[in-house]
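Chemist: Structure supplied as start.cif; contents: mmCIF, C-alpha atoms.
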```cif
data_data
#
loop_
_atom_site.label_atom_id
_atom_site.label_comp_id
_atom_site.auth_asym_id
_atom_site.auth_seq_id
_atom_site.Cartn_x
_atom_site.Cartn_y
_atom_site.Cartn_z
CA MET A 89 -60.03 69.38 -28.85
CA THR A 90 -61.79 66.15 -27.88
CA GLU A 91 -65.15 65.97 -26.22
CA GLU A 92 -65.14 65.05 -22.57
CA HIS A 93 -67.01 61.91 -21.60
CA ASP A 94 -69.81 62.33 -19.11
CA PRO A 95 -69.03 59.83 -16.30
CA GLY A 96 -72.76 59.36 -15.82
CA GLU A 97 -73.18 58.04 -19.37
CA PRO A 98 -72.02 54.60 -20.55
CA SER A 99 -68.97 54.61 -22.83
CA ASP A 100 -69.51 54.01 -26.52
CA ASP A 101 -68.06 50.48 -26.36
CA VAL A 102 -70.53 49.57 -23.60
CA VAL A 103 -73.37 50.98 -25.70
CA HIS A 104 -72.08 48.90 -28.60
CA LEU A 105 -72.02 45.80 -26.41
CA GLY A 106 -75.69 46.20 -25.55
CA LEU A 107 -76.76 46.75 -29.15
CA PHE A 108 -74.57 43.90 -30.35
CA LEU A 109 -75.88 41.34 -27.87
CA GLU A 110 -79.48 42.34 -28.58
CA SER A 111 -79.05 41.96 -32.34
CA ALA A 112 -76.72 38.96 -32.40
CA GLN A 113 -79.30 36.67 -30.80
CA THR A 114 -81.06 36.32 -34.15
CA TRP A 115 -78.00 35.93 -36.40
CA PRO A 116 -77.23 32.48 -37.80
CA GLU A 117 -73.57 33.52 -37.70
CA SER A 118 -73.75 33.72 -33.89
CA ASP A 119 -75.19 30.21 -33.74
CA TRP A 120 -72.42 28.94 -36.03
CA PHE A 121 -69.77 30.52 -33.86
CA GLY A 122 -71.22 29.07 -30.67
CA ARG A 123 -71.45 25.58 -32.13
CA SER A 124 -67.97 25.66 -33.64
CA MET A 125 -66.50 26.88 -30.35
CA ALA A 126 -68.24 24.09 -28.45
CA LEU A 127 -66.74 21.58 -30.89
CA LEU A 128 -63.31 23.18 -30.62
CA HIS A 129 -63.47 23.17 -26.82
CA TYR A 130 -63.87 19.39 -26.96
CA GLY A 131 -60.81 19.08 -29.15
CA ALA A 132 -58.66 21.52 -27.23
CA PHE A 133 -59.43 20.39 -23.68
CA ALA A 134 -60.62 16.77 -23.85
CA VAL A 135 -57.18 15.83 -22.51
CA ASN A 136 -55.93 18.31 -19.92
CA ARG A 137 -53.47 16.29 -17.82
CA PHE A 138 -50.04 15.50 -19.21
CA PRO A 139 -47.94 13.44 -16.74
CA PHE A 140 -44.24 14.26 -17.01
CA ASP A 141 -43.11 10.69 -17.61
CA GLU A 142 -45.92 9.61 -19.92
CA THR A 143 -46.26 12.55 -22.31
CA PHE A 144 -44.67 12.74 -25.75
CA GLU A 145 -43.50 16.06 -27.10
CA ASN A 146 -45.85 16.03 -30.07
CA ASP A 147 -48.89 15.49 -27.83
CA LEU A 148 -47.99 18.39 -25.54
CA ALA A 149 -46.97 20.78 -28.32
CA ALA A 150 -50.11 20.16 -30.35
CA ALA A 151 -52.34 20.51 -27.29
CA VAL A 152 -50.99 23.89 -26.22
CA ALA A 153 -51.05 25.26 -29.77
CA LEU A 154 -54.67 24.21 -30.24
CA ALA A 155 -55.66 25.61 -26.83
CA ARG A 156 -54.08 28.91 -27.81
CA SER A 157 -56.24 29.08 -30.93
CA TYR A 158 -59.33 28.53 -28.77
CA ARG A 159 -58.40 31.33 -26.33
CA GLN A 160 -57.66 33.73 -29.16
CA LEU A 161 -61.07 33.06 -30.67
CA GLN A 162 -62.60 33.86 -27.30
CA ALA A 163 -60.64 37.12 -27.26
CA ALA A 164 -61.74 37.90 -30.82
CA TRP A 165 -65.38 37.49 -29.77
CA VAL A 166 -64.94 39.84 -26.80
CA VAL A 167 -63.37 42.63 -28.84
CA THR A 168 -66.01 42.16 -31.55
CA THR A 169 -68.82 42.62 -29.06
CA HIS A 170 -67.21 45.90 -27.99
CA GLY A 171 -66.98 47.19 -31.55
CA LEU A 172 -63.26 46.66 -32.14
CA LEU A 173 -63.80 44.81 -35.41
CA ALA A 174 -60.41 45.49 -36.98
CA GLU A 175 -58.71 44.23 -33.83
CA ALA A 176 -60.76 41.03 -33.98
CA LEU A 177 -59.44 40.40 -37.48
CA ASN A 178 -55.90 40.86 -36.19
CA LEU A 179 -56.42 37.91 -33.86
CA LEU A 180 -57.72 35.59 -36.57
CA ARG A 181 -54.35 35.30 -38.29
CA SER A 182 -52.85 34.06 -35.04
CA VAL A 183 -55.73 31.59 -34.59
CA TYR A 184 -55.06 30.25 -38.05
CA GLU A 185 -51.34 29.95 -37.36
CA SER A 186 -51.83 28.23 -34.00
CA ALA A 187 -54.35 25.69 -35.27
CA GLY A 188 -52.33 24.93 -38.40
CA LEU A 189 -49.19 24.52 -36.31
CA ALA A 190 -50.97 22.15 -33.91
CA ARG A 191 -51.79 19.90 -36.85
CA VAL A 192 -48.13 19.79 -37.90
CA LEU A 193 -46.61 19.34 -34.44
CA ALA A 194 -48.98 16.47 -33.64
CA LYS A 195 -47.63 14.44 -36.55
CA ASP A 196 -43.93 15.34 -36.28
CA PRO A 197 -42.37 14.55 -32.85
CA LYS A 198 -38.91 15.77 -33.94
CA LEU A 199 -40.30 19.12 -35.02
CA ALA A 200 -42.41 19.32 -31.84
CA ASP A 201 -39.34 18.70 -29.70
CA GLN A 202 -37.46 21.47 -31.50
CA TRP A 203 -40.42 23.83 -31.11
CA LEU A 204 -40.64 23.17 -27.37
CA ARG A 205 -36.90 23.40 -26.70
CA ASP A 206 -36.00 26.38 -28.88
CA GLY A 207 -39.01 28.46 -27.95
CA LYS A 208 -39.02 30.03 -31.40
CA TRP A 209 -41.85 30.89 -33.72
CA PHE A 210 -42.14 28.71 -36.82
CA PRO A 211 -42.84 30.88 -39.89
CA ASP A 212 -46.06 29.97 -41.67
CA VAL A 213 -44.12 29.05 -44.79
CA ARG A 214 -42.57 26.19 -42.81
CA VAL A 215 -46.01 24.85 -41.94
CA ARG A 216 -47.09 25.04 -45.58
CA GLN A 217 -43.90 23.29 -46.69
CA TRP A 218 -44.57 20.47 -44.22
CA LEU A 219 -48.13 20.07 -45.45
CA SER A 220 -46.88 19.83 -49.00
CA ASP A 221 -43.77 17.67 -48.52
CA VAL A 222 -44.66 15.41 -45.61
CA ARG A 223 -48.42 15.03 -45.81
CA GLY A 224 -48.53 15.31 -49.56
CA ASP A 225 -51.50 17.66 -49.42
CA SER A 226 -52.73 18.77 -52.81
CA THR A 227 -51.52 22.03 -54.25
CA GLU A 228 -55.09 23.30 -53.98
CA GLU A 229 -55.24 22.64 -50.23
CA VAL A 230 -51.87 24.28 -49.61
CA ASP A 231 -52.91 27.25 -51.76
CA LYS A 232 -56.11 27.68 -49.71
CA TYR A 233 -54.04 27.80 -46.52
CA ARG A 234 -51.58 30.29 -48.06
CA ASN A 235 -54.32 32.52 -49.49
CA PHE A 236 -56.14 32.83 -46.18
CA TYR A 237 -52.87 33.55 -44.40
CA THR A 238 -52.06 36.27 -46.94
CA GLU A 239 -55.46 37.87 -46.47
CA ALA A 240 -55.23 37.62 -42.69
CA SER A 241 -51.76 39.18 -42.77
CA ALA A 242 -53.24 42.17 -44.56
CA TRP A 243 -55.63 42.56 -41.62
CA ALA A 244 -52.92 42.14 -38.98
CA HIS A 245 -50.30 44.46 -40.47
CA PRO A 246 -50.75 48.24 -40.85
CA THR A 247 -51.68 48.08 -44.52
CA ALA A 248 -53.70 50.86 -46.08
CA GLU A 249 -56.71 48.52 -46.18
CA SER A 250 -56.58 47.72 -42.48
CA CYS A 251 -55.85 51.31 -41.39
CA MET A 252 -58.57 52.80 -43.58
CA LYS A 253 -61.14 50.97 -41.47
CA GLN A 254 -60.71 53.81 -38.97
CA ILE A 255 -62.44 56.31 -41.25
CA SER A 256 -65.73 56.78 -43.03
CA VAL A 257 -66.24 58.48 -46.37
CA GLU A 258 -68.56 61.45 -46.22
CA GLU A 259 -69.91 63.60 -49.06
CA ASP A 260 -66.77 65.68 -49.52
CA HIS A 261 -64.30 64.43 -46.92
CA PHE A 262 -62.92 61.53 -44.92
CA PHE A 263 -64.02 61.40 -41.32
CA LEU A 264 -61.75 59.89 -38.68
CA ASN A 265 -64.32 58.75 -36.15
CA PRO A 266 -63.09 58.72 -32.54
CA THR A 267 -66.14 56.83 -31.28
CA ILE A 268 -67.29 53.25 -31.63
CA THR A 269 -70.50 53.04 -33.62
CA PHE A 270 -72.66 49.94 -33.98
CA ASN A 271 -72.79 48.64 -37.54
CA GLU A 272 -74.90 45.49 -37.72
CA GLU A 273 -73.75 44.40 -41.17
CA ALA A 274 -70.06 44.78 -40.31
CA CYS A 275 -70.55 42.91 -37.04
CA ARG A 276 -72.31 40.02 -38.73
CA GLU A 277 -69.51 39.77 -41.30
CA THR A 278 -66.94 39.67 -38.52
CA VAL A 279 -68.82 37.01 -36.56
CA ALA A 280 -69.06 34.94 -39.74
CA LEU A 281 -65.27 35.13 -40.08
CA LEU A 282 -64.87 34.10 -36.44
CA ALA A 283 -67.13 31.11 -37.02
CA SER A 284 -65.32 29.97 -40.17
CA THR A 285 -61.94 30.31 -38.46
CA ALA A 286 -63.17 28.32 -35.46
CA LEU A 287 -64.40 25.63 -37.84
CA PHE A 288 -60.97 25.58 -39.50
CA ALA A 289 -59.44 24.97 -36.07
CA CYS A 290 -61.85 22.06 -35.57
CA PHE A 291 -60.70 20.49 -38.83
CA ALA A 292 -57.09 21.09 -37.76
CA PHE A 293 -57.81 19.07 -34.62
CA ARG A 294 -59.38 16.28 -36.68
CA ASN A 295 -56.29 16.17 -38.89
CA ALA A 296 -53.94 16.25 -35.91
CA VAL A 297 -55.15 12.98 -34.37
CA VAL A 298 -53.74 9.64 -35.48
CA ASP A 299 -56.91 8.88 -37.47
CA GLU A 300 -60.24 10.67 -37.65
CA ARG A 301 -61.99 7.44 -36.61
CA ALA A 302 -60.30 7.77 -33.23
CA ILE A 303 -62.63 10.73 -32.57
CA ASP A 304 -66.18 10.22 -31.32
CA PRO A 305 -68.37 9.90 -34.44
CA ALA A 306 -71.00 12.17 -32.87
CA TRP A 307 -68.43 14.99 -32.73
CA ARG A 308 -67.36 14.47 -36.32
CA ARG A 309 -70.94 14.28 -37.54
CA ASP A 310 -71.83 17.54 -35.80
CA MET A 311 -68.78 19.23 -37.31
CA TYR A 312 -69.50 17.98 -40.82
CA ASP A 313 -73.14 19.05 -40.55
CA LEU A 314 -72.03 22.50 -39.43
CA ALA A 315 -69.54 22.75 -42.29
CA ARG A 316 -72.25 21.96 -44.82
CA GLU A 317 -74.64 24.43 -43.19
CA MET A 318 -72.11 27.23 -43.23
CA SER A 319 -70.92 26.65 -46.79
CA THR A 320 -74.29 25.55 -48.30
CA ASP A 321 -72.26 22.98 -50.31
CA SER A 322 -73.08 19.27 -50.28
CA MET A 323 -69.46 18.28 -49.48
CA PRO A 324 -69.77 14.60 -50.49
CA HIS A 325 -66.21 13.98 -49.26
CA LEU A 326 -67.58 14.29 -45.72
CA ASP A 327 -70.16 11.53 -46.19
CA ARG A 328 -69.76 8.62 -43.77
CA ASP A 329 -71.67 5.49 -42.81
CA TRP A 330 -72.27 6.70 -39.28
CA GLU A 331 -73.57 3.39 -37.97
CA ALA A 332 -70.39 1.68 -39.15
CA GLU A 333 -68.31 4.52 -37.75
CA GLN A 334 -69.94 4.07 -34.34
CA VAL A 335 -69.34 0.32 -34.35
CA HIS A 336 -65.68 0.88 -35.21
CA TYR A 337 -65.27 3.55 -32.53
CA ASP A 338 -66.90 1.42 -29.83
CA ALA A 339 -64.60 -1.49 -30.72
CA VAL A 340 -61.52 0.73 -30.54
CA MET A 341 -62.56 2.19 -27.19
CA LYS A 342 -63.22 -1.28 -25.82
CA ASN A 343 -59.70 -2.41 -26.70
CA LEU A 344 -57.94 0.82 -25.79
CA ARG A 345 -55.51 0.42 -22.89
CA ASP A 346 -54.63 3.13 -20.39
CA ARG A 347 -51.31 4.81 -21.06
CA ARG A 348 -49.97 3.69 -17.69
CA TYR A 349 -49.34 0.35 -19.42
CA LEU A 350 -47.02 2.04 -21.91
CA LYS A 351 -43.81 1.58 -19.92
CA GLY A 352 -44.39 -2.14 -19.56
CA GLN A 353 -45.17 -2.51 -23.25
CA LEU A 354 -42.00 -0.67 -24.20
CA ARG A 355 -39.87 -2.80 -21.89
CA THR A 356 -41.18 -6.05 -23.40
CA HIS A 357 -41.07 -4.98 -27.04
CA PRO A 358 -38.28 -6.86 -28.88
CA ARG A 359 -36.93 -3.61 -30.34
CA ALA A 360 -36.95 -1.72 -27.05
CA TYR A 361 -33.50 -0.49 -26.02
CA VAL A 362 -33.30 -2.73 -22.98
CA ASN A 363 -33.86 -5.77 -25.21
CA LEU A 364 -31.33 -4.70 -27.84
CA LYS A 365 -28.40 -4.40 -25.42
CA PRO A 366 -25.85 -7.27 -25.44
CA GLN A 367 -26.59 -9.70 -22.64
CA ASP A 368 -23.96 -10.84 -20.13
CA GLY A 369 -21.72 -13.47 -21.69
CA ASP A 370 -22.49 -12.43 -25.28
#
```
Can you turn what I pasted into structure tokens?

Modeler:
Amino acid sequence: MTEEHDPGEPSDDVVHLGLFLESAQTWPESDWFGRSMALLHYGAFAVNRFPFDETFENDLAAAVALARSYRQLQAAWVVTTHGLLAEALNLLRSVYESAGLARVLAKDPKLADQWLRDGKWFPDVRVRQWLSDVRGDSTEEVDKYRNFYTEASAWAHPTAESCMKQISVEEDHFFLNPTITFNEEACRETVALLASTALFACFAFRNAVVDERAIDPAWRRDMYDLAREMSTDSMPHLDRDWEAEQVHYDAVMKNLRDRRYLKGQLRTHPRAYVNLKPQDGD
């Protein structure tokens, strides 16, 4: 027989929320998550208007997939604050899928068109195959993606490992705890996973654009600094001449034309359809 909850007392998830917010203020993991989410928000919502006659399928598909990863990370944070740590992990697999898919759809208009029209889920193995065959990513990079997905799947599915999180081991028995109890170490570990997954989504955005130098150098520098801080590795492959990057970016932005000029450019291009048609008298 379960204990009745006193309506005058806060529920255990509300108690957890208070303890969590009080403790999380001092965690570096919370700072990492906040900074990575701010970076991801820029990537997911910097462009939020997609005119019907000026939007390509790969732009729209990638945008909505990346936005979904951002919203799911927000949801993962909310359930974490309320003590539902296993449920937060369930969401991370979907974040990883959505962000990885955004990267693929951005670079493959044909695949993006199919994804939008069919309304079907693309299995993760298809994303990995694209990364390997089309992008030519190293086996190591593809393996990293697959390994995280495998681990995240173990969280999302009712495996023994994921289900056993509902119990604690006592001296001579297992205890199936019906209440939500604050565990600072477990919460910090979960927030760290949220932060690393959000950072992965940021890198997915960087890899989705036509070239990383098309992104504001200040954004990229902040992301690379955060990646080094979180991993404690030097990551020399992220080194850039930031002054040169800024000069390049400013020059690109100066010469960038509004997309409303696109129709005119397409009409005047020698390989545009209207210019390939036989002319009268030919």

Chemist: Might you spell out which residues the PyMOL selection byres ((chain A and resi 333) around 12) would select in the displayed file, as a list in words?

Modeler: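 Expected selection for the PyMOL selection byres ((chain A and resi 333) around 12) here is Glu300, Arg301, Ala302, Ile303, Asp304, Pro305, Ala306, Trp307, Arg308, Arg309, Asp327, Arg328, Asp329, Trp330, Glu331, Ala332, Gln334, Val335, His336, Tyr337, Asp338, Ala339 and Val340 of chain A.
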
Chemist: Go through A:Ala292, A:Val102, A:Val152, A:Leu287 one by one, measure the shortest atom-to-atom distance of each to Tyr312 of chain A using only C-alpha atoms, and give the residue with the smallest value.

Modeler: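 Ranking A:Ala292, A:Val102, A:Val152, A:Leu287 by distance to Tyr312 of chain A, first place goes to A:Leu287.
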
Chemist: Between A:Met311, A:Ala176, A:Leu189, A:Leu105, which one has atoms that come closest to Arg294 of chain A, using only C-alpha atoms?

Modeler: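 Among the listed residues, A:Met311 lies closest to Arg294 of chain A.
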
Chemist: What's the separation between atom CA of Ala194 of chain A and atom CA of Ala296 of chain A, in Å to one decimal place?

Modeler: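 Atom-to-atom, atom CA of Ala194 of chain A to atom CA of Ala296 of chain A, that is 5.5 Å.
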
Chemist: Excluding segment 269-286 of chain A and residues on its chain fewer than 2 positions from it, collect all residues at most 8 Å away from it, counting all atoms listed in the file, and give them as a PyMOL selection string.

Modeler: chain A and resi 100+104+107-108+111-112+115+117-118+120-122+124-125+128+158+161+164-165+168+171+173+176-177+180+183-184+267+288-290+318

Chemist: Residues picked by the PyMOL selection byres ((chain A and resi 246-252) around 12) here, as an mmCIF file with C-alpha atoms, keeping the file's coordinate frame?

Modeler:
```cif
data_model
loop_
_atom_site.group_PDB
_atom_site.id
_atom_site.type_symbol
_atom_site.label_atom_id
_atom_site.label_comp_id
_atom_site.auth_asym_id
_atom_site.auth_seq_id
_atom_site.Cartn_x
_atom_site.Cartn_y
_atom_site.Cartn_z
ATOM 1 C CA LEU A 173 -63.800 44.810 -35.410
ATOM 2 C CA ALA A 174 -60.410 45.490 -36.980
ATOM 3 C CA GLU A 175 -58.710 44.230 -33.830
ATOM 4 C CA ALA A 176 -60.760 41.030 -33.980
ATOM 5 C CA LEU A 177 -59.440 40.400 -37.480
ATOM 6 C CA ASN A 178 -55.900 40.860 -36.190
ATOM 7 C CA GLU A 239 -55.460 37.870 -46.470
ATOM 8 C CA ALA A 240 -55.230 37.620 -42.690
ATOM 9 C CA SER A 241 -51.760 39.180 -42.770
ATOM 10 C CA ALA A 242 -53.240 42.170 -44.560
ATOM 11 C CA TRP A 243 -55.630 42.560 -41.620
ATOM 12 C CA ALA A 244 -52.920 42.140 -38.980
ATOM 13 C CA HIS A 245 -50.300 44.460 -40.470
ATOM 14 C CA LYS A 253 -61.140 50.970 -41.470
ATOM 15 C CA GLN A 254 -60.710 53.810 -38.970
ATOM 16 C CA ILE A 255 -62.440 56.310 -41.250
ATOM 17 C CA SER A 256 -65.730 56.780 -43.030
ATOM 18 C CA VAL A 257 -66.240 58.480 -46.370
ATOM 19 C CA PHE A 262 -62.920 61.530 -44.920
ATOM 20 C CA PHE A 263 -64.020 61.400 -41.320
ATOM 21 C CA LEU A 264 -61.750 59.890 -38.680
ATOM 22 C CA ASN A 265 -64.320 58.750 -36.150
#
```

Chemist: One decimal, in Å: what's the spacing between atom CA of Ala151 of chain A and atom CA of Gly131 of chain A?

Modeler: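 Going from atom CA of Ala151 of chain A over to atom CA of Gly131 of chain A covers 8.8 Å.
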
Chemist: Would you translate the PyMOL selection byres ((chain A and resi 135) around 12) into the concrete set of residues it matches in this file, as a list in words?

Modeler: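 So the PyMOL selection byres ((chain A and resi 135) around 12), applied here, picks out His129, Tyr130, Gly131, Ala132, Phe133, Ala134, Asn136, Arg137, Phe138, Pro139, Thr143, Asp147, Leu148, Ala150, Ala151, Val152, Leu154 and Ala155 of chain A.
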
Chemist: Complete the atom set of segment 115-140 of chain A to N, CA, C and O atoms and return it as a PDB file, in the coordinates of the input.

Modeler:
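The result, written out as part-v3.pdb:
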```
ATOM      1  N   TRP A 115     -78.879  36.184 -35.263  1.00  0.00           N
ATOM      2  CA  TRP A 115     -78.000  35.930 -36.400  1.00  0.00           C
ATOM      3  C   TRP A 115     -77.630  34.457 -36.487  1.00  0.00           C
ATOM      4  O   TRP A 115     -77.220  33.849 -35.489  1.00  0.00           O
ATOM      5  N   PRO A 116     -77.734  33.848 -37.660  1.00  0.00           N
ATOM      6  CA  PRO A 116     -77.230  32.480 -37.800  1.00  0.00           C
ATOM      7  C   PRO A 116     -75.728  32.403 -37.575  1.00  0.00           C
ATOM      8  O   PRO A 116     -75.208  31.394 -37.109  1.00  0.00           O
ATOM      9  N   GLU A 117     -75.021  33.495 -37.883  1.00  0.00           N
ATOM     10  CA  GLU A 117     -73.570  33.520 -37.700  1.00  0.00           C
ATOM     11  C   GLU A 117     -73.191  33.335 -36.222  1.00  0.00           C
ATOM     12  O   GLU A 117     -72.183  32.691 -35.906  1.00  0.00           O
ATOM     13  N   SER A 118     -74.008  33.891 -35.326  1.00  0.00           N
ATOM     14  CA  SER A 118     -73.750  33.720 -33.890  1.00  0.00           C
ATOM     15  C   SER A 118     -73.931  32.262 -33.482  1.00  0.00           C
ATOM     16  O   SER A 118     -73.160  31.717 -32.685  1.00  0.00           O
ATOM     17  N   ASP A 119     -74.951  31.620 -34.023  1.00  0.00           N
ATOM     18  CA  ASP A 119     -75.190  30.210 -33.740  1.00  0.00           C
ATOM     19  C   ASP A 119     -74.026  29.369 -34.258  1.00  0.00           C
ATOM     20  O   ASP A 119     -73.553  28.455 -33.569  1.00  0.00           O
ATOM     21  N   TRP A 120     -73.551  29.676 -35.463  1.00  0.00           N
ATOM     22  CA  TRP A 120     -72.420  28.940 -36.030  1.00  0.00           C
ATOM     23  C   TRP A 120     -71.183  29.086 -35.144  1.00  0.00           C
ATOM     24  O   TRP A 120     -70.470  28.110 -34.895  1.00  0.00           O
ATOM     25  N   PHE A 121     -70.944  30.295 -34.692  1.00  0.00           N
ATOM     26  CA  PHE A 121     -69.770  30.520 -33.860  1.00  0.00           C
ATOM     27  C   PHE A 121     -69.869  29.743 -32.547  1.00  0.00           C
ATOM     28  O   PHE A 121     -68.910  29.103 -32.115  1.00  0.00           O
ATOM     29  N   GLY A 122     -71.039  29.790 -31.923  1.00  0.00           N
ATOM     30  CA  GLY A 122     -71.220  29.070 -30.670  1.00  0.00           C
ATOM     31  C   GLY A 122     -71.029  27.573 -30.832  1.00  0.00           C
ATOM     32  O   GLY A 122     -70.375  26.917 -30.012  1.00  0.00           O
ATOM     33  N   ARG A 123     -71.577  27.021 -31.898  1.00  0.00           N
ATOM     34  CA  ARG A 123     -71.450  25.580 -32.130  1.00  0.00           C
ATOM     35  C   ARG A 123     -70.017  25.185 -32.474  1.00  0.00           C
ATOM     36  O   ARG A 123     -69.511  24.163 -31.984  1.00  0.00           O
ATOM     37  N   SER A 124     -69.353  25.989 -33.285  1.00  0.00           N
ATOM     38  CA  SER A 124     -67.970  25.660 -33.640  1.00  0.00           C
ATOM     39  C   SER A 124     -67.054  25.782 -32.431  1.00  0.00           C
ATOM     40  O   SER A 124     -66.115  24.989 -32.270  1.00  0.00           O
ATOM     41  N   MET A 125     -67.324  26.739 -31.546  1.00  0.00           N
ATOM     42  CA  MET A 125     -66.500  26.880 -30.350  1.00  0.00           C
ATOM     43  C   MET A 125     -66.735  25.730 -29.376  1.00  0.00           C
ATOM     44  O   MET A 125     -65.806  25.275 -28.694  1.00  0.00           O
ATOM     45  N   ALA A 126     -67.972  25.244 -29.303  1.00  0.00           N
ATOM     46  CA  ALA A 126     -68.240  24.090 -28.450  1.00  0.00           C
ATOM     47  C   ALA A 126     -67.501  22.860 -28.978  1.00  0.00           C
ATOM     48  O   ALA A 126     -66.935  22.073 -28.202  1.00  0.00           O
ATOM     49  N   LEU A 127     -67.475  22.687 -30.287  1.00  0.00           N
ATOM     50  CA  LEU A 127     -66.740  21.580 -30.890  1.00  0.00           C
ATOM     51  C   LEU A 127     -65.237  21.728 -30.649  1.00  0.00           C
ATOM     52  O   LEU A 127     -64.544  20.762 -30.313  1.00  0.00           O
ATOM     53  N   LEU A 128     -64.734  22.950 -30.812  1.00  0.00           N
ATOM     54  CA  LEU A 128     -63.310  23.180 -30.620  1.00  0.00           C
ATOM     55  C   LEU A 128     -62.898  22.988 -29.166  1.00  0.00           C
ATOM     56  O   LEU A 128     -61.805  22.494 -28.884  1.00  0.00           O
ATOM     57  N   HIS A 129     -63.766  23.357 -28.241  1.00  0.00           N
ATOM     58  CA  HIS A 129     -63.470  23.170 -26.820  1.00  0.00           C
ATOM     59  C   HIS A 129     -63.247  21.686 -26.528  1.00  0.00           C
ATOM     60  O   HIS A 129     -62.328  21.324 -25.763  1.00  0.00           O
ATOM     61  N   TYR A 130     -64.054  20.840 -27.131  1.00  0.00           N
ATOM     62  CA  TYR A 130     -63.870  19.390 -26.960  1.00  0.00           C
ATOM     63  C   TYR A 130     -62.481  18.989 -27.432  1.00  0.00           C
ATOM     64  O   TYR A 130     -61.758  18.248 -26.741  1.00  0.00           O
ATOM     65  N   GLY A 131     -62.101  19.458 -28.610  1.00  0.00           N
ATOM     66  CA  GLY A 131     -60.810  19.080 -29.150  1.00  0.00           C
ATOM     67  C   GLY A 131     -59.641  19.637 -28.369  1.00  0.00           C
ATOM     68  O   GLY A 131     -58.621  18.966 -28.184  1.00  0.00           O
ATOM     69  N   ALA A 132     -59.779  20.860 -27.895  1.00  0.00           N
ATOM     70  CA  ALA A 132     -58.660  21.520 -27.230  1.00  0.00           C
ATOM     71  C   ALA A 132     -58.459  21.061 -25.790  1.00  0.00           C
ATOM     72  O   ALA A 132     -57.327  21.077 -25.294  1.00  0.00           O
ATOM     73  N   PHE A 133     -59.537  20.658 -25.121  1.00  0.00           N
ATOM     74  CA  PHE A 133     -59.430  20.390 -23.680  1.00  0.00           C
ATOM     75  C   PHE A 133     -59.924  19.005 -23.259  1.00  0.00           C
ATOM     76  O   PHE A 133     -60.052  18.740 -22.070  1.00  0.00           O
ATOM     77  N   ALA A 134     -60.189  18.120 -24.215  1.00  0.00           N
ATOM     78  CA  ALA A 134     -60.620  16.770 -23.850  1.00  0.00           C
ATOM     79  C   ALA A 134     -59.556  16.074 -23.009  1.00  0.00           C
ATOM     80  O   ALA A 134     -59.868  15.316 -22.085  1.00  0.00           O
ATOM     81  N   VAL A 135     -58.305  16.326 -23.326  1.00  0.00           N
ATOM     82  CA  VAL A 135     -57.180  15.830 -22.510  1.00  0.00           C
ATOM     83  C   VAL A 135     -56.525  17.065 -21.898  1.00  0.00           C
ATOM     84  O   VAL A 135     -56.075  17.951 -22.615  1.00  0.00           O
ATOM     85  N   ASN A 136     -56.508  17.128 -20.578  1.00  0.00           N
ATOM     86  CA  ASN A 136     -55.930  18.310 -19.920  1.00  0.00           C
ATOM     87  C   ASN A 136     -54.872  17.968 -18.874  1.00  0.00           C
ATOM     88  O   ASN A 136     -54.375  18.854 -18.187  1.00  0.00           O
ATOM     89  N   ARG A 137     -54.548  16.695 -18.725  1.00  0.00           N
ATOM     90  CA  ARG A 137     -53.470  16.290 -17.820  1.00  0.00           C
ATOM     91  C   ARG A 137     -52.391  15.583 -18.629  1.00  0.00           C
ATOM     92  O   ARG A 137     -52.676  14.644 -19.384  1.00  0.00           O
ATOM     93  N   PHE A 138     -51.160  16.039 -18.454  1.00  0.00           N
ATOM     94  CA  PHE A 138     -50.040  15.500 -19.210  1.00  0.00           C
ATOM     95  C   PHE A 138     -48.912  15.108 -18.240  1.00  0.00           C
ATOM     96  O   PHE A 138     -48.021  15.904 -17.961  1.00  0.00           O
ATOM     97  N   PRO A 139     -48.973  13.895 -17.686  1.00  0.00           N
ATOM     98  CA  PRO A 139     -47.940  13.440 -16.740  1.00  0.00           C
ATOM     99  C   PRO A 139     -46.543  13.568 -17.339  1.00  0.00           C
ATOM    100  O   PRO A 139     -46.335  13.266 -18.522  1.00  0.00           O
ATOM    101  N   PHE A 140     -45.586  14.001 -16.531  1.00  0.00           N
ATOM    102  CA  PHE A 140     -44.240  14.260 -17.010  1.00  0.00           C
ATOM    103  C   PHE A 140     -43.620  13.048 -17.694  1.00  0.00           C
ATOM    104  O   PHE A 140     -42.949  13.167 -18.717  1.00  0.00           O
TER     105      PHE A 140
END
```
